[in-house]
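This is input_38.txt (compact mmCIF, C-alpha atoms).
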```txt
# COMPACT_ATOMS: atom_id res chain seq x y z
CA MET X 1 46.52 142.10 134.05
CA ILE X 2 44.35 139.71 136.12
CA THR X 3 40.71 140.67 136.58
CA ILE X 4 38.13 138.53 138.32
CA ASN X 5 34.50 139.64 138.61
CA ASN X 6 31.97 137.93 140.86
CA LEU X 7 33.49 134.49 140.46
CA SER X 8 31.62 131.48 141.78
CA PHE X 9 32.99 127.99 141.71
CA ALA X 10 32.09 124.62 143.24
CA TYR X 11 33.47 121.16 142.65
CA LYS X 12 30.76 118.63 141.68
CA LYS X 13 28.49 117.61 144.55
CA GLN X 14 30.31 119.93 146.93
CA ALA X 15 29.47 123.17 148.66
CA PRO X 16 30.63 126.28 146.73
CA LEU X 17 34.31 127.10 147.23
CA PHE X 18 34.08 130.64 145.86
CA LYS X 19 31.08 132.94 146.07
CA ASP X 20 31.17 136.30 144.36
CA LEU X 21 34.97 136.59 144.45
CA SER X 22 36.43 139.68 142.78
CA LEU X 23 40.02 140.71 142.23
CA GLU X 24 41.99 143.20 140.15
CA GLU X 25 45.77 142.94 139.93
CA GLY X 26 48.16 144.93 137.75
CA ALA X 27 51.53 144.00 136.28
CA GLY X 28 54.93 144.27 137.99
CA GLN X 29 54.08 142.55 141.26
CA ILE X 30 54.99 139.39 143.11
CA ILE X 31 51.84 138.39 144.92
CA GLY X 32 51.73 135.96 147.82
CA LEU X 33 48.49 133.98 147.90
CA LEU X 34 47.84 132.73 151.42
CA GLY X 35 45.04 130.77 153.03
CA LYS X 36 44.34 127.84 155.29
CA ASN X 37 44.31 124.26 154.00
CA GLY X 38 41.28 123.77 151.78
CA ALA X 39 40.64 127.52 151.37
CA GLY X 40 40.92 127.14 147.59
CA LYS X 41 44.33 128.60 146.77
CA THR X 42 45.21 125.97 144.19
CA THR X 43 41.68 126.03 142.75
CA LEU X 44 41.91 129.79 142.28
CA LEU X 45 45.27 129.40 140.51
CA GLN X 46 43.77 126.71 138.26
CA LEU X 47 40.82 128.96 137.41
CA ILE X 48 43.19 131.80 136.48
CA SER X 49 45.24 129.38 134.36
CA GLY X 50 42.23 128.04 132.44
CA LEU X 51 42.45 124.57 133.99
CA LEU X 52 39.01 124.85 135.58
CA THR X 53 35.75 126.44 134.41
CA PRO X 54 33.99 129.01 136.62
CA ASN X 55 30.33 128.35 137.47
CA ALA X 56 29.57 132.05 137.25
CA GLY X 57 31.42 135.33 136.91
CA GLU X 58 34.30 136.14 134.63
CA ILE X 59 38.08 135.95 134.65
CA THR X 60 40.30 137.83 132.22
CA VAL X 61 44.07 137.65 132.05
CA ASN X 62 45.64 140.23 129.75
CA GLY X 63 42.22 140.66 128.17
CA GLN X 64 41.95 136.92 127.39
CA ILE X 65 39.47 134.48 128.89
CA PRO X 66 41.57 131.64 130.36
CA ILE X 67 39.16 128.76 129.80
CA LYS X 68 39.09 129.46 126.04
CA ARG X 69 42.75 128.39 126.13
CA SER X 70 43.66 130.41 123.05
CA PRO X 71 47.31 130.28 121.93
CA GLU X 72 47.57 134.03 122.68
CA PHE X 73 46.63 133.26 126.27
CA LEU X 74 48.68 130.09 126.70
CA GLU X 75 51.92 131.63 125.44
CA GLN X 76 51.68 134.31 128.13
CA ILE X 77 51.10 132.15 131.18
CA TYR X 78 53.19 129.49 132.91
CA PHE X 79 51.96 127.40 135.81
CA VAL X 80 54.21 125.34 138.09
CA PRO X 81 51.92 123.02 140.08
CA GLU X 82 52.79 121.67 143.51
CA GLU X 83 52.90 118.07 142.31
CA PHE X 84 53.65 116.99 138.75
CA ILE X 85 55.01 114.14 136.68
CA MET X 86 57.93 114.75 134.32
CA PRO X 87 58.55 112.81 131.10
CA THR X 88 61.53 110.52 130.55
CA VAL X 89 63.61 113.00 128.54
CA LYS X 90 66.79 114.90 129.22
CA ILE X 91 66.53 118.51 130.35
CA PHE X 92 67.94 119.97 127.13
CA LYS X 93 65.55 117.84 125.02
CA PHE X 94 62.58 119.07 127.05
CA VAL X 95 63.67 122.65 126.50
CA GLU X 96 64.13 122.07 122.76
CA ALA X 97 60.58 120.74 122.57
CA HIS X 98 58.82 123.28 124.82
CA ALA X 99 60.67 126.60 124.60
CA GLY X 100 59.11 127.34 121.20
CA PHE X 101 55.67 127.73 122.75
CA TYR X 102 56.87 130.83 124.58
CA PRO X 103 57.84 133.72 122.27
CA ARG X 104 59.92 135.48 124.92
CA PHE X 105 61.80 132.36 126.07
CA ASP X 106 65.31 133.41 127.17
CA ARG X 107 67.83 130.58 126.69
CA THR X 108 70.74 132.50 128.17
CA LEU X 109 68.70 133.08 131.32
CA PHE X 110 67.67 129.41 131.37
CA ASN X 111 71.27 128.18 131.15
CA ASP X 112 72.24 130.59 133.88
CA LEU X 113 69.41 129.53 136.23
CA ILE X 114 70.07 125.81 135.66
CA LYS X 115 73.69 126.43 136.60
CA GLN X 116 72.71 128.33 139.74
CA PHE X 117 70.49 125.42 140.79
CA GLU X 118 73.36 122.99 140.03
CA LEU X 119 71.31 120.94 137.58
CA ASP X 120 72.85 118.94 134.74
CA GLN X 121 71.10 119.44 131.37
CA ASN X 122 71.96 115.85 130.41
CA LYS X 123 69.99 114.38 133.32
CA VAL X 124 66.68 112.64 132.62
CA LEU X 125 63.80 114.59 134.17
CA SER X 126 61.76 111.61 135.40
CA LYS X 127 64.78 110.23 137.23
CA MET X 128 65.53 113.38 139.21
CA SER X 129 64.46 113.91 142.83
CA HIS X 130 61.30 115.89 143.55
CA GLY X 131 63.34 118.93 144.63
CA GLN X 132 65.44 118.82 141.46
CA LYS X 133 62.34 118.53 139.26
CA LYS X 134 60.90 121.50 141.06
CA LYS X 135 64.06 123.53 140.54
CA PHE X 136 63.95 122.68 136.84
CA ARG X 137 60.30 123.77 136.55
CA ILE X 138 61.00 127.04 138.37
CA ALA X 139 64.00 127.79 136.13
CA PHE X 140 61.94 126.98 133.04
CA ALA X 141 59.02 129.12 134.25
CA LEU X 142 61.21 132.20 134.80
CA SER X 143 62.93 131.68 131.44
CA THR X 144 59.62 131.75 129.55
CA LYS X 145 59.37 135.45 130.55
CA CYS X 146 55.60 134.92 130.50
CA GLN X 147 53.56 137.86 131.68
CA VAL X 148 51.89 135.68 134.29
CA ILE X 149 53.91 133.10 136.20
CA ILE X 150 52.09 130.98 138.75
CA LEU X 151 54.02 129.03 141.36
CA ASP X 152 52.06 126.69 143.66
CA GLU X 153 54.11 125.96 146.80
CA PRO X 154 57.39 126.53 144.91
CA THR X 155 59.72 126.07 147.89
CA ASN X 156 58.28 122.68 148.98
CA GLY X 157 61.03 120.14 148.44
CA LEU X 158 63.79 122.71 147.91
CA ASP X 159 66.85 122.30 150.12
CA ILE X 160 67.94 125.19 152.35
CA PRO X 161 70.49 126.84 150.00
CA SER X 162 68.07 126.50 147.06
CA LYS X 163 65.43 128.55 148.86
CA ALA X 164 67.71 131.58 148.95
CA ILE X 165 68.72 131.02 145.32
CA PHE X 166 65.03 130.80 144.44
CA ARG X 167 64.38 134.22 145.99
CA GLN X 168 67.36 135.75 144.21
CA MET X 169 66.24 134.31 140.89
CA VAL X 170 62.66 135.48 141.09
CA ALA X 171 63.62 138.91 142.40
CA GLY X 172 66.25 139.44 139.74
CA ALA X 173 64.75 137.88 136.63
CA LEU X 174 61.47 139.80 136.40
CA GLU X 175 60.49 142.54 133.96
CA ASP X 176 58.03 145.35 134.66
CA ASP X 177 55.24 143.71 132.64
CA GLN X 178 55.33 140.41 134.53
CA THR X 179 53.21 139.31 137.47
CA VAL X 180 54.08 136.37 139.67
CA LEU X 181 51.51 134.65 141.83
CA ILE X 182 52.96 132.46 144.56
CA SER X 183 50.73 130.29 146.70
CA THR X 184 52.42 129.09 149.86
CA HIS X 185 52.24 128.06 153.49
CA GLN X 186 55.99 128.61 153.85
CA VAL X 187 55.74 132.39 154.27
CA LYS X 188 59.27 132.71 155.66
CA ASP X 189 60.57 131.43 152.32
CA VAL X 190 59.00 134.30 150.40
CA GLU X 191 58.79 137.05 153.04
CA THR X 192 61.24 139.42 151.30
CA LEU X 193 60.20 138.38 147.82
CA ILE X 194 56.51 139.20 147.71
CA ASP X 195 55.30 142.79 147.66
CA LYS X 196 51.64 142.00 148.13
CA ILE X 197 49.57 139.62 150.23
CA LEU X 198 46.25 138.14 149.15
CA LEU X 199 44.41 136.05 151.70
CA VAL X 200 41.63 133.74 150.60
CA ASP X 201 39.16 132.47 153.16
CA ASN X 202 35.58 131.30 153.14
CA GLY X 203 35.18 131.72 149.39
CA ARG X 204 36.46 135.30 149.21
CA ILE X 205 39.57 137.40 149.19
CA ILE X 206 39.45 138.70 152.77
CA PHE X 207 42.73 140.61 152.70
CA ASN X 208 44.62 142.39 149.92
CA ASN X 209 47.42 144.73 150.84
CA THR X 210 51.00 145.63 149.96
CA ILE X 211 53.87 144.83 152.33
CA ILE X 212 55.12 148.43 152.19
CA ASP X 213 51.72 149.75 153.23
CA LEU X 214 51.54 147.28 156.12
CA SER X 215 55.07 148.09 157.25
CA GLU X 216 54.15 151.78 157.42
CA LYS X 217 50.79 151.39 159.14
CA TYR X 218 51.55 148.67 161.67
CA ASP X 219 54.29 147.74 164.07
CA PHE X 220 55.27 144.07 164.37
CA LYS X 221 57.51 143.45 167.36
CA ILE X 222 58.46 141.30 170.33
CA VAL X 223 58.01 142.92 173.75
CA SER X 224 58.39 141.91 177.39
CA HIS X 225 55.03 143.28 178.53
CA LEU X 226 51.78 143.69 176.65
CA PRO X 227 51.28 147.32 175.55
CA GLU X 228 47.85 148.88 176.07
CA GLN X 229 46.82 149.50 172.50
CA VAL X 230 47.55 146.10 171.05
CA LEU X 231 45.73 144.80 167.98
CA TYR X 232 46.89 141.22 168.38
CA SER X 233 49.34 139.33 170.56
CA GLU X 234 50.85 135.88 170.85
CA LEU X 235 52.96 134.38 173.63
CA ASN X 236 56.65 134.11 172.81
CA PRO X 237 59.64 132.84 174.83
CA MET X 238 60.75 136.46 175.31
CA GLY X 239 57.30 137.78 176.19
CA TYR X 240 54.84 138.58 173.44
CA LYS X 241 54.79 138.96 169.70
CA VAL X 242 52.48 141.89 169.06
CA VAL X 243 50.90 143.92 166.29
CA THR X 244 50.14 147.55 167.12
CA ALA X 245 49.42 150.67 165.11
CA ALA X 246 52.64 152.22 163.77
CA ASN X 247 54.37 154.94 165.79
CA GLY X 248 55.88 156.79 162.86
CA ASN X 249 58.54 154.22 162.06
CA THR X 250 58.35 151.40 159.57
CA SER X 251 58.41 147.80 160.69
CA GLU X 252 59.29 144.47 159.11
CA VAL X 253 56.02 142.66 158.48
CA ASP X 254 55.76 139.33 160.27
CA ILE X 255 53.49 137.53 157.83
CA GLU X 256 52.78 134.57 160.12
CA LEU X 257 51.72 136.94 162.88
CA LEU X 258 49.62 138.92 160.39
CA PHE X 259 47.96 135.72 159.17
CA ASN X 260 47.07 134.64 162.71
CA ALA X 261 45.80 138.12 163.55
CA ILE X 262 43.49 138.16 160.52
CA ASN X 263 42.28 134.67 161.39
CA ASP X 264 41.55 135.92 164.87
CA GLY X 265 39.28 138.60 163.40
CA VAL X 266 41.59 141.63 163.53
CA LYS X 267 40.64 144.11 160.80
CA PHE X 268 43.51 145.67 158.88
CA ASN X 269 42.54 148.36 156.40
CA MET F 1 58.19 147.65 178.64
CA MET F 2 61.21 146.22 176.85
CA GLU F 3 61.25 145.87 173.10
CA PHE F 4 63.37 142.93 172.04
CA LYS F 5 62.77 142.88 168.35
CA ASN F 6 61.55 145.74 166.27
CA ASN F 7 63.09 145.52 162.85
CA LYS F 8 62.46 148.35 160.45
CA GLY F 9 60.66 147.70 157.17
CA ILE F 10 62.81 145.86 154.65
CA PHE F 11 63.17 148.88 152.33
CA GLN F 12 64.40 150.83 155.36
CA GLN F 13 66.86 148.09 156.35
CA ILE F 14 68.38 148.20 152.86
CA ALA F 15 68.52 152.02 152.97
CA ASP F 16 70.31 151.83 156.35
CA ASN F 17 72.82 149.40 154.88
CA ILE F 18 73.58 151.69 151.92
CA CYS F 19 74.01 154.60 154.36
CA GLU F 20 76.33 152.49 156.46
CA ARG F 21 78.44 151.78 153.38
CA ILE F 22 78.58 155.48 152.53
CA LEU F 23 79.74 156.33 156.07
CA SER F 24 82.38 153.59 156.04
CA GLY F 25 83.71 154.86 152.70
CA ASP F 26 82.65 151.85 150.58
CA TYR F 27 80.73 154.35 148.52
CA ALA F 28 82.23 157.82 148.06
CA PRO F 29 80.25 160.90 146.97
CA GLY F 30 79.76 160.69 143.20
CA ASP F 31 79.92 156.87 143.13
CA LYS F 32 77.21 154.91 141.37
CA VAL F 33 75.18 152.71 143.70
CA GLN F 34 74.26 149.17 142.59
CA SER F 35 71.19 149.03 140.36
CA VAL F 36 67.73 147.99 141.53
CA ARG F 37 68.05 144.69 139.68
CA GLN F 38 71.54 143.96 141.04
CA LEU F 39 70.40 144.56 144.60
CA ALA F 40 67.21 142.53 144.09
CA THR F 41 69.25 139.61 142.76
CA GLN F 42 71.84 139.79 145.51
CA LEU F 43 69.40 140.12 148.38
CA GLY F 44 66.48 138.10 147.02
CA VAL F 45 64.26 141.12 147.65
CA ASN F 46 61.39 142.37 145.50
CA GLN F 47 62.40 145.06 142.99
CA ASN F 48 59.52 147.31 144.10
CA THR F 49 60.89 147.20 147.64
CA ILE F 50 64.33 148.27 146.39
CA MET F 51 62.73 151.02 144.26
CA ARG F 52 61.19 152.29 147.47
CA THR F 53 64.62 152.24 149.15
CA PHE F 54 66.00 154.50 146.41
CA LEU F 55 62.97 156.81 146.57
CA GLU F 56 63.58 157.27 150.30
CA LEU F 57 67.31 157.86 149.81
CA GLN F 58 66.61 160.29 146.99
CA HIS F 59 64.04 162.11 149.10
CA SER F 60 66.66 162.49 151.86
CA ASN F 61 69.22 163.80 149.30
CA ILE F 62 71.54 160.88 149.94
CA VAL F 63 71.43 159.64 146.36
CA GLU F 64 70.44 161.35 143.12
CA ASN F 65 68.85 159.77 140.09
CA ARG F 66 70.60 160.39 136.79
CA ARG F 67 68.01 159.34 134.29
CA GLY F 68 68.81 156.15 132.45
CA ILE F 69 72.16 155.75 134.21
CA GLY F 70 71.28 154.99 137.80
CA TYR F 71 71.56 156.32 141.33
CA PHE F 72 74.66 158.20 142.52
CA VAL F 73 75.84 159.16 146.01
CA THR F 74 75.40 162.93 146.51
CA GLU F 75 78.22 165.27 147.54
CA ASN F 76 76.71 165.90 151.00
CA ALA F 77 75.57 162.33 151.63
CA PRO F 78 77.95 161.52 154.54
CA ASP F 79 77.02 164.70 156.44
CA THR F 80 73.33 164.22 155.75
CA ILE F 81 73.46 160.62 156.98
CA ARG F 82 75.32 161.67 160.15
CA GLU F 83 72.60 164.25 160.84
CA PHE F 84 69.85 161.62 160.39
CA ARG F 85 71.71 159.14 162.56
CA LYS F 86 72.22 161.72 165.30
CA GLU F 87 68.52 162.46 165.35
CA GLU F 88 67.77 158.73 165.57
CA PHE F 89 70.32 158.40 168.36
CA THR F 90 68.82 161.21 170.44
CA LYS F 91 65.24 160.11 169.86
CA GLU F 92 65.52 156.35 170.17
CA ILE F 93 68.85 154.93 171.27
CA LEU F 94 69.58 157.40 174.07
CA PRO F 95 66.22 157.04 175.90
CA THR F 96 66.54 153.22 175.79
CA PHE F 97 70.11 153.53 177.03
CA ILE F 98 69.09 155.80 179.89
CA GLN F 99 66.27 153.45 180.78
CA GLN F 100 68.75 150.59 181.05
CA VAL F 101 71.17 152.70 183.07
CA LYS F 102 68.34 153.37 185.49
CA LEU F 103 67.09 149.79 185.57
CA LEU F 104 70.55 148.31 186.19
CA ARG F 105 71.63 151.12 188.53
CA ILE F 106 74.75 151.79 186.50
CA THR F 107 77.25 154.16 188.12
CA LYS F 108 79.69 156.72 186.68
CA THR F 109 82.68 154.41 187.14
CA GLU F 110 80.99 151.72 185.11
CA LEU F 111 80.45 154.16 182.27
CA GLU F 112 84.06 155.30 182.14
CA PRO F 113 84.67 153.99 178.58
CA LEU F 114 81.75 156.17 177.45
CA PHE F 115 83.16 159.31 179.10
CA ASN F 116 86.58 158.63 177.61
CA GLN F 117 85.06 158.40 174.13
CA LEU F 118 83.08 161.60 174.66
CA LYS F 119 86.28 163.39 175.66
CA GLU F 120 88.07 162.04 172.58
CA ASN F 121 85.25 163.33 170.35
CA GLU F 122 85.50 166.77 171.95
CA ASP F 123 89.27 166.91 171.51
CA GLU F 124 88.87 166.00 167.85
CA ASN F 125 86.39 168.81 167.30
CA LYS F 126 88.72 171.42 168.83
```
Any chance you could give the structure as structure tokens?
Amino acid sequence: MITINNLSFAYKKQAPLFKDLSLEEGAGQIIGLLGKNGAGKTTLLQLISGLLTPNAGEITVNGQIPIKRSPEFLEQIYFVPEEFIMPTVKIFKFVEAHAGFYPRFDRTLFNDLIKQFELDQNKVLSKMSHGQKKKFRIAFALSTKCQVIILDEPTNGLDIPSKAIFRQMVAGALEDDQTVLISTHQVKDVETLIDKILLVDNGRIIFNNTIIDLSEKYDFKIVSHLPEQVLYSELNPMGYKVVTAANGNTSEVDIELLFNAINDGVKFN
Amino acid sequence: MMEFKNNKGIFQQIADNICERILSGDYAPGDKVQSVRQLATQLGVNQNTIMRTFLELQHSNIVENRRGIGYFVTENAPDTIREFRKEEFTKEILPTFIQQVKLLRITKTELEPLFNQLKENEDENK
């Protein structure tokens, strides 16, 4: 679905952001793209979407080269950026004008999602709050049924109830042939939603693993005293948050703890 | 060492919840369990995670997959679940309990409600 071979990229007059980055991701996944500020998460998403040109290496999405921006490519990908400007048109007018670009656009689903987010189709997009605009873009993105849906910080600006609705929507609306890439710092918002974690750091993907695999191989827990064989630990009001090797049981992955552990140099395989 | 928080993996948590509902009678043997998509939508959990839940339950003979229709609670599911739970109780809950009893120097009198329940269970099995 998404294949990246030896990608290099640098913004003009800046040190390279990506050096020799490779990635291969199949369909039917919700991937969480994590990384520190400035690691290049958004840039990577823009490269995959054909908004930026690689300096070297190749990217293919469904066999298409993004930067060629062919209609066959564009009708299969939808990108919701973190910040965007919406035109001064009503929701239903926007949908009338844009839905046609996406052959699998599902109007019934769209109406349903808009209702769940409590949006009024007669409201003018440019006059809505940032959170409402975001909810509209997310609902539109899912309704396109595009094979690749990219969401950059989708939960920023969403109110508390909307975050749960967002998870329910994304989890429920997907088909087997779709892949969703979510870049975020708000890992708690997507913890149950994503089934894979990609971590970008220092120009490369330094971690790529499924949540199920992690939950079987490692134990994430809070303990009163530090155990002997601990991979990583953090102080916590109750004692310590720790990561250890699994003891035969599965464990709920604490993504924040995992992130800090990887940053601290812990190797997970 | 005390463990304060050690949640199971999410697919396991969902499996435990389905088992709980079978034991409480929400789901009877032969009933159809909610579909992967329904559960994903309700819980906001990845469909692959829920698929894994059903694989585990199927592997333990708690549900069976009728192709194209969905997952159904097996005839022996309640007994099977009780067996699994008992094993979990003996292996994990009981040692922690005993450890606490030791740590807090609990006496027989303080555990009277427990003994009463044990006696009730025995009477029922007679």
Residue nearest Thr244 (chain X) among X:Gln46, X:Ser22, X:Ser215, X:Thr179 (counting all atoms listed in the file):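 Of the candidates, the smallest distance to Thr244 (chain X) is held by X:Ser215.
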For chain F, the nearest of the candidates X:Ile30, X:Asn236, X:Pro87, X:Lys123, counting only C-alpha atoms: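 Once distances to chain F are computed over only C-alpha atoms, the minimum belongs to X:Ile30.
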Counting all atoms listed in the file, chain F residues within 9 Å of chain X, as a PyMOL selection string: chain F and resi 1-13+36-49+52
Contacts of Glu83 (chain F) at 12 Å (all atoms listed in the file; same-chain gap of 6+ positions) as a list in words: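 Once the adjacent positions are removed, what remains is Cys19, Leu23, Ser60, Ile62, Asn76, Ala77, Phe89 and Thr90 of chain F.
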Separation of CA of Ser8 (chain X) from CA of Ala56 (chain X) in Å: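 Atom-to-atom, CA of Ala56 (chain X) and CA of Ser8 (chain X) are spaced 5.0 Å apart.
Picture a line from CA of Tyr27 (chain F) to CA of Glu124 (chain F); it runs 24.0 Å.
With CA of Ile205 (chain X) on one side and CA of Ala261 (chain X) on the other, the separation reads 15.7 Å.
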Shortest interatomic distance to Phe268 (chain X) - which of X:Ile255, X:Lys217, X:Asn111, X:Gly26, counting only C-alpha atoms: X:Lys217
Can you sort out the box for region 44-59 of chain F, edges along x, y and z, all listed atoms in, 4 Å on every side, with centre and edge lengths in Å to one decimal, as AutoDock Vina command-line options?
```
--center_x 63.4 --center_y 150.1 --center_z 146.6 --size_x 15.8 --size_y 32.0 --size_z 15.3
```
Surrounding residues of Tyr71 (chain F) excluding itself and chain neighbours under 6 positions, 10 Å, only C-alpha atoms, as a PyMOL selection string: chain F and resi 30-36+54+57-58+62-65
Cut-off 7 Å around (65.0, 133.6, 133.0) with all atoms listed in the file: residues as a VMD selection string: chain X and resid 106 109 to 110 113 139 142 to 145 173
Minimum-distance residue to Asp20 (chain X), chosen among X:Asn209, X:Ser126, X:Asn247, X:Asn55 (using all atoms listed in the file):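 Of the candidates, the smallest distance to Asp20 (chain X) is held by X:Asn55.
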